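Here is input14.csv, consisting of CSV, C-alpha atoms:
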chain,number,residue,atom,x,y,z
A,1,MET,CA,57.3,7.9,-73.1
A,2,ALA,CA,54.8,10.4,-71.7
A,3,TYR,CA,52.0,9.0,-69.7
A,4,SER,CA,48.5,10.4,-69.6
A,5,ALA,CA,46.1,9.5,-66.8
A,6,ALA,CA,43.2,9.9,-69.2
A,7,GLN,CA,44.6,6.9,-71.2
A,8,ASP,CA,44.1,4.7,-68.1
A,9,TRP,CA,40.6,6.0,-67.1
A,10,GLN,CA,37.6,3.9,-67.9
A,11,GLU,CA,33.9,4.8,-67.4
A,12,PRO,CA,32.6,2.8,-64.4
A,13,GLU,CA,30.4,-0.1,-65.3
A,14,LEU,CA,26.8,0.2,-64.2
A,15,LEU,CA,25.4,-2.5,-61.9
A,16,ASP,CA,23.0,-4.8,-63.7
A,17,LEU,CA,19.5,-4.2,-62.2
A,18,ALA,CA,18.6,-7.8,-63.1
A,19,GLY,CA,21.4,-9.0,-60.9
A,20,ALA,CA,20.0,-7.4,-57.7
A,21,PRO,CA,19.2,-10.2,-55.2
A,22,VAL,CA,15.5,-9.4,-54.8
A,23,PRO,CA,13.5,-10.8,-51.9
A,24,GLN,CA,11.8,-14.2,-52.2
A,25,TYR,CA,8.3,-12.9,-52.0
A,26,GLY,CA,5.7,-15.7,-52.0
A,27,SER,CA,8.0,-18.5,-50.8
A,28,GLY,CA,10.7,-17.3,-48.5
A,29,SER,CA,10.2,-13.8,-47.2
A,30,LEU,CA,9.1,-12.3,-43.9
A,31,ALA,CA,5.7,-11.6,-45.4
A,32,ASP,CA,5.2,-15.3,-45.9
A,33,LEU,CA,5.9,-16.3,-42.3
A,34,LEU,CA,2.7,-15.6,-40.4
A,35,PRO,CA,0.4,-16.6,-43.3
A,36,THR,CA,2.1,-20.0,-43.2
A,37,LEU,CA,1.7,-20.4,-39.4
A,38,ALA,CA,-1.9,-19.2,-39.6
A,39,ALA,CA,-2.7,-21.7,-42.4
A,40,HIS,CA,-1.2,-24.5,-40.3
A,41,GLN,CA,-3.6,-23.5,-37.5
A,42,GLY,CA,-6.6,-23.6,-39.7
A,43,VAL,CA,-7.2,-19.8,-40.1
A,44,PRO,CA,-9.3,-19.3,-43.2
A,45,GLY,CA,-7.9,-17.5,-46.2
A,46,PHE,CA,-4.2,-18.4,-45.7
A,47,SER,CA,-1.9,-20.9,-47.4
A,48,ALA,CA,1.4,-22.3,-46.3
A,49,ALA,CA,3.8,-20.2,-48.5
A,50,ILE,CA,7.0,-21.4,-46.8
A,51,SER,CA,6.8,-25.0,-47.8
A,52,GLU,CA,9.6,-26.2,-45.5
A,53,LEU,CA,7.7,-25.4,-42.3
A,54,THR,CA,5.4,-28.0,-40.6
A,55,PRO,CA,2.3,-27.4,-38.4
A,56,ALA,CA,2.2,-26.9,-34.7
A,57,ASP,CA,-0.8,-26.2,-32.4
A,58,ARG,CA,1.1,-23.4,-30.7
A,59,THR,CA,3.5,-21.0,-32.4
A,60,CYS,CA,5.6,-18.2,-31.2
A,61,VAL,CA,7.6,-15.7,-33.3
A,62,PHE,CA,10.4,-14.0,-31.5
A,63,LEU,CA,11.6,-11.1,-33.7
A,64,VAL,CA,15.0,-9.7,-32.7
A,65,ASP,CA,15.5,-6.3,-34.3
A,66,GLY,CA,18.7,-6.3,-36.3
A,67,LEU,CA,19.7,-10.0,-36.0
A,68,GLY,CA,20.9,-10.5,-39.5
A,69,TRP,CA,21.9,-14.0,-40.7
A,70,GLU,CA,25.5,-13.0,-41.7
A,71,GLN,CA,26.0,-11.2,-38.3
A,72,LEU,CA,24.9,-14.3,-36.4
A,73,LEU,CA,27.2,-16.6,-38.5
A,74,ALA,CA,30.1,-14.3,-37.7
A,75,HIS,CA,29.6,-14.4,-33.9
A,76,PRO,CA,29.4,-18.0,-32.7
A,77,ALA,CA,31.2,-17.4,-29.4
A,78,GLU,CA,28.7,-14.7,-28.4
A,79,ALA,CA,25.6,-16.8,-29.3
A,80,PRO,CA,26.3,-20.5,-28.7
A,81,PHE,CA,22.7,-21.4,-28.2
A,82,LEU,CA,21.5,-19.6,-31.4
A,83,THR,CA,24.5,-20.9,-33.3
A,84,GLY,CA,23.5,-24.5,-32.3
A,85,LEU,CA,20.1,-23.8,-34.0
A,86,LEU,CA,21.5,-22.7,-37.4
A,87,GLY,CA,20.7,-26.0,-39.0
A,88,THR,CA,17.1,-25.7,-38.0
A,89,SER,CA,16.6,-22.5,-39.9
A,90,ARG,CA,13.7,-22.5,-42.4
A,91,GLY,CA,12.4,-26.0,-41.7
A,92,ALA,CA,15.8,-27.6,-41.1
A,93,THR,CA,17.2,-26.6,-44.5
A,94,GLY,CA,19.8,-24.4,-42.8
A,95,ARG,CA,18.8,-21.5,-45.1
A,96,PRO,CA,17.7,-18.0,-44.1
A,97,LEU,CA,14.6,-16.0,-45.1
A,98,THR,CA,14.7,-12.7,-47.0
A,99,SER,CA,13.4,-9.6,-45.2
A,100,GLY,CA,11.9,-7.7,-48.1
A,101,PHE,CA,12.9,-4.4,-49.6
A,102,PRO,CA,13.8,-2.1,-48.1
A,103,ALA,CA,15.3,-4.1,-45.3
A,104,THR,CA,14.1,-1.7,-42.6
A,105,THR,CA,12.0,-2.0,-39.4
A,106,ALA,CA,8.8,-0.2,-40.4
A,107,THR,CA,8.6,-2.1,-43.7
A,108,SER,CA,9.5,-5.5,-42.3
A,109,LEU,CA,7.2,-5.3,-39.3
A,110,ALA,CA,4.3,-4.4,-41.6
A,111,SER,CA,5.2,-7.3,-43.8
A,112,VAL,CA,5.3,-9.7,-40.8
A,113,GLY,CA,2.1,-8.5,-39.3
A,114,THR,CA,-0.1,-8.2,-42.4
A,115,GLY,CA,1.5,-11.1,-44.4
A,116,LEU,CA,1.7,-8.7,-47.4
A,117,PRO,CA,4.7,-7.4,-49.3
A,118,PRO,CA,5.5,-3.6,-49.2
A,119,ALA,CA,3.7,-3.0,-52.6
A,120,ARG,CA,0.5,-4.1,-50.9
A,121,HIS,CA,0.7,-3.0,-47.3
A,122,GLY,CA,2.1,0.4,-48.3
A,123,LEU,CA,5.0,1.0,-46.0
A,124,PRO,CA,7.7,0.9,-48.6
A,125,GLY,CA,10.5,2.6,-46.7
A,126,TYR,CA,11.7,4.4,-43.6
A,127,ALA,CA,10.4,7.8,-44.9
A,128,VAL,CA,8.2,8.1,-48.0
A,129,ARG,CA,6.2,10.7,-49.7
A,130,ASN,CA,2.5,11.0,-48.8
A,131,PRO,CA,0.9,11.7,-52.2
A,132,ALA,CA,-2.1,13.4,-50.5
A,133,THR,CA,0.1,16.1,-48.9
A,134,GLY,CA,3.4,16.0,-50.8
A,135,GLU,CA,5.3,15.7,-47.5
A,136,LEU,CA,7.7,13.0,-46.4
A,137,MET,CA,6.0,10.6,-43.9
A,138,ASN,CA,8.3,8.9,-41.4
A,139,GLN,CA,6.6,5.5,-41.1
A,140,LEU,CA,8.6,4.4,-38.0
A,141,ARG,CA,7.9,7.6,-36.0
A,142,TRP,CA,4.5,8.2,-37.8
A,143,HIS,CA,5.2,11.8,-38.5
A,144,PRO,CA,3.5,13.9,-39.7
A,145,TRP,CA,0.3,12.2,-38.4
A,146,THR,CA,-2.0,10.5,-40.8
A,147,SER,CA,-4.8,8.1,-40.2
A,148,PRO,CA,-3.2,4.6,-39.6
A,149,GLN,CA,-6.2,2.8,-41.0
A,150,VAL,CA,-6.2,4.9,-44.2
A,151,TRP,CA,-2.5,4.5,-44.6
A,152,GLN,CA,-2.6,0.7,-44.1
A,153,PRO,CA,-6.2,-0.7,-44.5
A,154,TYR,CA,-5.6,-4.4,-44.5
A,155,PRO,CA,-6.3,-6.6,-41.4
A,156,THR,CA,-3.4,-8.1,-39.7
A,157,VAL,CA,-2.8,-11.9,-39.5
A,158,PHE,CA,-3.2,-11.6,-35.7
A,159,GLN,CA,-6.7,-10.1,-36.1
A,160,LEU,CA,-7.8,-12.8,-38.5
A,161,ALA,CA,-6.3,-15.5,-36.3
A,162,ASP,CA,-8.1,-14.1,-33.2
A,163,ALA,CA,-11.4,-14.0,-35.1
A,164,ALA,CA,-10.9,-17.7,-36.0
A,165,GLY,CA,-10.5,-18.7,-32.4
A,166,VAL,CA,-6.8,-18.8,-32.1
A,167,HIS,CA,-5.4,-17.4,-28.8
A,168,THR,CA,-3.4,-14.5,-30.0
A,169,ALA,CA,-1.1,-12.2,-28.1
A,170,GLN,CA,1.8,-9.8,-28.5
A,171,VAL,CA,4.4,-9.4,-25.7
A,172,SER,CA,6.6,-6.3,-26.1
A,173,ALA,CA,7.8,-3.2,-24.4
A,174,PRO,CA,4.9,-1.1,-23.0
A,175,ALA,CA,5.9,1.9,-25.1
A,176,PHE,CA,4.9,0.0,-28.3
A,177,GLN,CA,1.3,-0.7,-27.2
A,178,SER,CA,-0.4,2.3,-28.7
A,179,THR,CA,1.9,3.3,-31.5
A,180,PRO,CA,0.4,3.6,-35.0
A,181,LEU,CA,2.8,1.0,-36.4
A,182,THR,CA,1.6,-1.5,-33.8
A,183,LYS,CA,-2.0,-0.7,-34.6
A,184,ILE,CA,-1.6,-1.3,-38.4
A,185,ALA,CA,0.9,-4.2,-38.3
A,186,LEU,CA,0.8,-6.1,-35.1
A,187,SER,CA,-2.6,-5.6,-33.4
A,188,GLY,CA,-5.1,-8.5,-32.8
A,189,GLY,CA,-5.8,-10.4,-29.6
A,190,THR,CA,-4.2,-9.0,-26.5
A,191,PHE,CA,-1.1,-6.8,-26.0
A,192,HIS,CA,1.0,-7.4,-22.9
A,193,GLY,CA,3.7,-4.8,-22.1
A,194,ARG,CA,6.7,-5.9,-20.1
A,195,MET,CA,9.9,-3.9,-19.5
A,196,THR,CA,12.6,-6.5,-19.3
A,197,GLY,CA,13.5,-9.2,-21.8
A,198,GLU,CA,13.2,-11.9,-19.1
A,199,GLU,CA,9.7,-10.8,-18.3
A,200,ARG,CA,8.7,-10.9,-21.9
A,201,MET,CA,10.1,-14.5,-22.3
A,202,ASP,CA,8.3,-15.7,-19.2
A,203,LEU,CA,5.0,-14.1,-20.3
A,204,ALA,CA,5.3,-15.3,-23.9
A,205,ALA,CA,5.5,-18.9,-22.6
A,206,LEU,CA,2.4,-18.4,-20.4
A,207,GLN,CA,0.5,-16.9,-23.3
A,208,LEU,CA,1.4,-19.9,-25.5
A,209,ALA,CA,0.0,-22.3,-22.9
A,210,ALA,CA,-3.2,-20.2,-22.6
A,211,GLY,CA,-4.8,-21.8,-25.7
A,212,GLU,CA,-5.0,-25.1,-27.5
A,213,ARG,CA,-4.2,-23.1,-30.6
A,214,SER,CA,-1.9,-20.1,-29.8
A,215,LEU,CA,-0.1,-17.5,-31.9
A,216,VAL,CA,2.2,-15.3,-29.8
A,217,TYR,CA,4.6,-12.6,-31.0
A,218,THR,CA,7.4,-11.1,-28.9
A,219,TYR,CA,10.1,-8.5,-29.8
A,220,TYR,CA,13.5,-7.2,-28.7
A,221,SER,CA,14.9,-4.0,-30.1
A,222,GLU,CA,18.1,-3.2,-28.3
A,223,LEU,CA,20.4,-5.2,-30.5
A,224,ASP,CA,19.5,-3.0,-33.4
A,225,GLY,CA,20.2,0.2,-31.3
A,226,ALA,CA,23.6,-1.0,-30.3
A,227,GLY,CA,24.5,-1.8,-34.0
A,228,HIS,CA,23.3,1.7,-35.2
A,229,ARG,CA,25.3,3.5,-32.5
A,230,HIS,CA,28.5,1.4,-32.2
A,231,GLY,CA,28.6,-1.0,-35.2
A,232,VAL,CA,27.9,-4.7,-35.6
A,233,ASP,CA,31.2,-5.9,-34.3
A,234,SER,CA,31.4,-3.5,-31.3
A,235,ASP,CA,31.6,-4.6,-27.7
A,236,ALA,CA,28.2,-3.1,-27.1
A,237,TRP,CA,26.6,-5.1,-30.0
A,238,ARG,CA,28.3,-8.3,-29.0
A,239,GLY,CA,27.1,-7.8,-25.4
A,240,GLN,CA,23.5,-7.4,-26.7
A,241,LEU,CA,23.9,-10.6,-28.8
A,242,MET,CA,25.0,-12.5,-25.7
A,243,TYR,CA,21.9,-11.3,-23.9
A,244,VAL,CA,19.6,-12.2,-26.8
A,245,ASP,CA,21.2,-15.7,-26.8
A,246,ARG,CA,20.2,-16.1,-23.1
A,247,LEU,CA,16.7,-14.8,-23.7
A,248,VAL,CA,16.0,-17.3,-26.5
A,249,GLN,CA,17.3,-20.2,-24.3
A,250,ARG,CA,15.1,-18.9,-21.4
A,251,LEU,CA,12.0,-19.0,-23.6
A,252,ALA,CA,12.9,-22.3,-25.2
A,253,GLU,CA,13.2,-24.0,-21.8
A,254,GLN,CA,9.6,-22.9,-20.9
A,255,LEU,CA,7.7,-23.9,-24.1
A,256,PRO,CA,4.5,-25.7,-23.4
A,257,PRO,CA,3.7,-28.9,-25.3
A,258,ARG,CA,3.1,-28.9,-29.0
A,259,THR,CA,4.8,-25.6,-29.6
A,260,ALA,CA,7.1,-24.3,-32.3
A,261,LEU,CA,9.2,-21.2,-31.5
A,262,TYR,CA,10.6,-19.3,-34.5
A,263,VAL,CA,13.5,-16.8,-33.9
A,264,THR,CA,13.8,-14.3,-36.8
A,265,ALA,CA,14.7,-10.6,-37.5
A,266,ASP,CA,13.6,-7.7,-39.5
A,267,HIS,CA,16.9,-7.0,-41.2
A,268,GLY,CA,20.7,-7.3,-40.9
A,269,MET,CA,23.2,-4.4,-40.8
A,270,VAL,CA,26.5,-3.1,-42.2
A,271,ASP,CA,29.0,-0.7,-40.8
A,272,ILE,CA,29.7,2.4,-43.0
A,273,PRO,CA,33.2,4.0,-42.7
A,274,PHE,CA,33.3,7.7,-41.7
A,275,ASP,CA,34.9,9.0,-44.9
A,276,GLU,CA,33.8,10.9,-48.0
A,277,ASP,CA,34.0,7.9,-50.3
A,278,ALA,CA,31.7,5.8,-48.2
A,279,ARG,CA,29.3,8.6,-47.1
A,280,ILE,CA,28.0,10.7,-50.0
A,281,ASP,CA,26.3,13.8,-48.6
A,282,PHE,CA,23.3,14.6,-50.6
A,283,ASP,CA,22.9,18.0,-48.9
A,284,GLU,CA,26.3,19.0,-50.2
A,285,ASP,CA,26.1,17.4,-53.7
A,286,TRP,CA,24.6,19.8,-56.2
A,287,GLU,CA,24.6,17.2,-59.0
A,288,LEU,CA,22.5,14.6,-57.1
A,289,GLY,CA,20.2,17.4,-55.9
A,290,ALA,CA,19.4,18.8,-59.3
A,291,GLY,CA,15.7,18.3,-60.1
A,292,VAL,CA,15.0,16.5,-56.8
A,293,ALA,CA,12.0,17.8,-54.8
A,294,LEU,CA,12.3,15.3,-51.9
A,295,LEU,CA,14.8,12.8,-50.7
A,296,GLY,CA,13.2,9.9,-48.8
A,297,GLY,CA,14.1,6.4,-47.6
A,298,GLU,CA,17.3,6.1,-45.6
A,299,PRO,CA,21.0,6.2,-46.5
A,300,ARG,CA,21.2,2.7,-48.0
A,301,ALA,CA,17.8,2.6,-49.6
A,302,ARG,CA,16.7,5.9,-51.1
A,303,HIS,CA,13.4,7.1,-52.5
A,304,VAL,CA,14.1,10.1,-54.8
A,305,TYR,CA,11.1,12.2,-55.7
A,306,ALA,CA,11.7,14.4,-58.7
A,307,VAL,CA,10.3,17.8,-59.6
A,308,PRO,CA,7.5,17.1,-62.1
A,309,GLY,CA,9.0,16.7,-65.6
A,310,ALA,CA,12.5,16.0,-64.3
A,311,GLU,CA,12.1,12.3,-63.6
A,312,ALA,CA,14.1,11.1,-66.6
A,313,ASP,CA,16.9,13.6,-65.9
A,314,VAL,CA,17.2,12.7,-62.3
A,315,LEU,CA,17.3,9.0,-63.1
A,316,THR,CA,20.1,9.6,-65.7
A,317,VAL,CA,22.2,11.7,-63.3
A,318,TRP,CA,21.8,9.3,-60.3
A,319,ARG,CA,22.9,6.4,-62.6
A,320,GLU,CA,25.9,8.3,-63.9
A,321,VAL,CA,27.1,9.3,-60.5
A,322,LEU,CA,26.1,6.3,-58.4
A,323,GLY,CA,25.3,3.4,-60.8
A,324,ASP,CA,28.5,1.5,-60.2
A,325,ARG,CA,27.9,1.4,-56.4
A,326,PHE,CA,24.1,1.4,-56.2
A,327,TRP,CA,21.3,-0.4,-58.1
A,328,VAL,CA,19.5,2.7,-59.4
A,329,ALA,CA,16.0,2.0,-60.9
A,330,SER,CA,13.0,4.0,-61.9
A,331,ARG,CA,9.8,3.3,-60.0
A,332,GLU,CA,8.5,1.2,-62.9
A,333,GLU,CA,11.7,-0.8,-63.1
A,334,ALA,CA,11.8,-1.5,-59.4
A,335,LEU,CA,8.2,-2.8,-59.4
A,336,GLU,CA,8.8,-4.8,-62.6
A,337,LEU,CA,11.9,-6.4,-61.1
A,338,GLY,CA,10.0,-7.4,-57.9
A,339,TRP,CA,11.8,-5.2,-55.4
A,340,PHE,CA,8.6,-4.4,-53.5
A,341,GLY,CA,6.6,-7.5,-54.2
A,342,THR,CA,5.6,-9.8,-56.9
A,343,PRO,CA,5.5,-7.9,-60.2
A,344,GLY,CA,2.1,-6.5,-61.0
A,345,GLU,CA,0.7,-6.5,-57.5
A,346,CYS,CA,1.3,-2.9,-56.4
A,347,ASP,CA,-1.8,-1.2,-54.9
A,348,GLU,CA,-2.7,2.0,-56.6
A,349,ARG,CA,-2.5,4.0,-53.3
A,350,VAL,CA,1.1,2.8,-52.8
A,351,LEU,CA,2.5,3.9,-56.2
A,352,GLY,CA,3.0,7.6,-55.3
A,353,ARG,CA,4.8,6.6,-52.1
A,354,ILE,CA,7.6,4.9,-54.0
A,355,GLY,CA,10.3,7.2,-55.4
A,356,ASP,CA,10.5,8.2,-59.0
A,357,VAL,CA,14.0,6.9,-58.6
A,358,VAL,CA,14.9,4.1,-56.2
A,359,ALA,CA,18.6,3.7,-55.2
A,360,ALA,CA,19.7,0.5,-53.3
A,361,ALA,CA,23.3,0.3,-52.1
A,362,HIS,CA,25.5,-2.5,-53.4
A,363,ASP,CA,28.9,-1.4,-51.9
A,364,THR,CA,29.7,-0.3,-48.4
A,365,VAL,CA,28.4,3.1,-49.0
A,366,ALA,CA,25.5,5.4,-48.0
A,367,ILE,CA,23.8,8.5,-49.2
A,368,THR,CA,23.6,10.7,-46.1
A,369,ALA,CA,21.9,14.1,-45.7
A,370,SER,CA,23.9,16.0,-43.0
A,371,VAL,CA,21.6,19.0,-42.8
A,372,ASN,CA,18.1,17.4,-43.1
A,373,GLU,CA,19.0,14.0,-41.5
A,374,PRO,CA,21.7,14.7,-38.9
A,375,ASN,CA,20.8,11.8,-36.6
A,376,GLU,CA,20.5,9.1,-39.3
A,377,SER,CA,23.6,10.4,-41.1
A,378,GLY,CA,25.7,10.0,-38.0
A,379,LEU,CA,24.9,6.3,-37.4
A,380,THR,CA,27.7,3.7,-37.6
A,381,GLY,CA,25.6,0.7,-38.5
A,382,MET,CA,23.0,1.1,-41.3
A,383,HIS,CA,20.6,-1.1,-43.3
A,384,GLY,CA,17.9,-1.0,-46.0
A,385,SER,CA,19.4,-2.5,-49.2
A,386,MET,CA,19.3,-5.9,-50.8
A,387,THR,CA,22.8,-7.1,-49.9
A,388,PRO,CA,23.0,-10.4,-48.1
A,389,ALA,CA,24.3,-8.7,-44.9
A,390,GLU,CA,21.0,-6.6,-44.8
A,391,GLN,CA,18.5,-8.8,-46.5
A,392,LEU,CA,19.1,-12.3,-45.0
A,393,VAL,CA,17.5,-13.1,-41.7
A,394,PRO,CA,17.3,-16.4,-39.7
A,395,LEU,CA,14.3,-18.5,-39.1
A,396,LEU,CA,15.6,-20.6,-36.2
A,397,GLU,CA,13.2,-23.3,-34.9
A,398,ILE,CA,12.7,-25.0,-31.6
A,399,ARG,CA,9.9,-27.5,-30.9
A,400,SER,CA,8.5,-29.0,-27.8
A,401,SER,CA,7.0,-32.4,-27.8

Have the structure of the file written as structure tokens, please.
Amino acid sequence: MAYSAAQDWQEPELLDLAGAPVPQYGSGSLADLLPTLAAHQGVPGFSAAISELTPADRTCVFLVDGLGWEQLLAHPAEAPFLTGLLGTSRGATGRPLTSGFPATTATSLASVGTGLPPARHGLPGYAVRNPATGELMNQLRWHPWTSPQVWQPYPTVFQLADAAGVHTAQVSAPAFQSTPLTKIALSGGTFHGRMTGEERMDLAALQLAAGERSLVYTYYSELDGAGHRHGVDSDAWRGQLMYVDRLVQRLAEQLPPRTALYVTADHGMVDIPFDEDARIDFDEDWELGAGVALLGGEPRARHVYAVPGAEADVLTVWREVLGDRFWVASREEALELGWFGTPGECDERVLGRIGDVVAAAHDTVAITASVNEPNESGLTGMHGSMTPAEQLVPLLEIRSS
């Protein structure tokens, strides 16, 4: 009997948009962390959104860039101290937080510092369209330049805590002190630049002790860099995780009385194979490029800006080509489903920054752009989407008496 391949072919089934694991805005996302801590310290205007946390006079948030929940679970030997704290996560429930969408540094740090979701603070991705100029704006590198206060006008939680009399400080690498992202997301109180991780831990402990009520933030970025370059199960990444484990223990051993230390992250990460099936090159794909004026976002969380009048056609094509591997939504659908914040709360100034089409990776796949984004396209580890490996982050807790 003759066999025809066409008889065996079936049209791929589109991913159900309603099944996408959206962030827990309002109860368990990064945007809810500092408002909860500030409310516990009596800062006006805040409420304790993460109900599992309990008050402390002094609080410290140590954000480790790229320390995803699933990656931590997979490496107990490299992080024995952190692994021993897994049961403390999110108020001893043993559960993680969600980072927010997209799960990327600029968006997450803005969510942490302002206490607002992306639809409000207005940094809804790695690179987004500036409606005023029509250009792509890289929100991590802040290029092309635009006024930080115009781009993100809300006060930070640190500024409001400082105004309420809480001793507030940030301890990070000196290079971050004057960056626009720091100004709009993490400013308030005093900034202390220190080069080494050990110096940051020691100074964070001193800053915690400097006030009867203290709110201190410290940050470490090199774990993320190792994951991007070498992958999240590489020797380089594991070595960085071992170092982070020692840093957390060093800080924990120096906490002044009445302190709660929270260890969290801005996102997790996944490794993307270097093959054509896993890396779809937008710059070489005429079908995906048809009707597209700008490609924003990053490989696993794309903002697609259509030529005026082509929005519906672009959405149709992207769903037909990618819809079994990506959640592909229109701007309106993404907002309605709560990808960028609670439905209905998007600021008017933010609407045009979100793509006409938004594509979030479900599988181990990425939309690269070899010509226009050669550096980003060559990374091993990537992040941005709503999968658990990218979205879930720890909230490990250590308390001193």

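If you look at CA of Glu287 in chain A and CA of Arg319 in chain A, they are 11.5 Å away from each other.
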
Quick one: residues within 7 Å of Asp65 in chain A, only C-alpha atoms, excluding same-chain residues fewer than 2 positions away - as an MDAnalysis selection string?
chainID A and resid 63 67 220:221 223:224 265:266

For Glu345 in chain A, which residue among A:Ile272, A:Leu206, A:Ala119, A:Val150 is the nearest when counting only C-alpha atoms?
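Distance minimum relative to Glu345 in chain A lands on A:Ala119.
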
Name the residues in contact with Gly352 in chain A at a cut-off of 10 Å, using only C-alpha atoms, excluding same-chain residues fewer than 5 positions from it; report them as a list of chain:residue names.
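Answer for this query is A:Val128, A:Arg129, A:Asn130, A:Pro131, A:Ala132, A:Gly134, A:Tyr305, A:Arg331.
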
Against range 91-105 of chain A, which residues of range 265-381 of chain A fall within 6 Å? For each one I want the closest pair of atoms and the distance in Å (one decimal), counting only C-alpha atoms, rows by chain and increasing residue number, as CSV.
residue,atom,partner,partner_atom,distance
A:Asp266,CA,A:Thr105,CA,5.9
A:His267,CA,A:Ala103,CA,5.3
A:Trp339,CA,A:Phe101,CA,6.0
A:Phe340,CA,A:Phe101,CA,5.8

Any idea what's packed within 10 Å of Gly289 in chain A, counting all atoms listed in the file, ignoring anything in its chain fewer than 6 positions away? Could you give it as a ChimeraX atom specification?
/A:282-283,295,304,306,314,317-318

Written file, previous selection with C-alpha atoms, as a CSV table (one decimal), in the coordinates of the input:
chain,number,residue,atom,x,y,z
A,282,PHE,CA,23.3,14.6,-50.6
A,283,ASP,CA,22.9,18.0,-48.9
A,295,LEU,CA,14.8,12.8,-50.7
A,304,VAL,CA,14.1,10.1,-54.8
A,306,ALA,CA,11.7,14.4,-58.7
A,314,VAL,CA,17.2,12.7,-62.3
A,317,VAL,CA,22.2,11.7,-63.3
A,318,TRP,CA,21.8,9.3,-60.3

Shortest interatomic distance to Lys183 in chain A - which of A:Val263, A:Trp237, A:Pro155, A:Ala127, counting only C-alpha atoms
A:Pro155
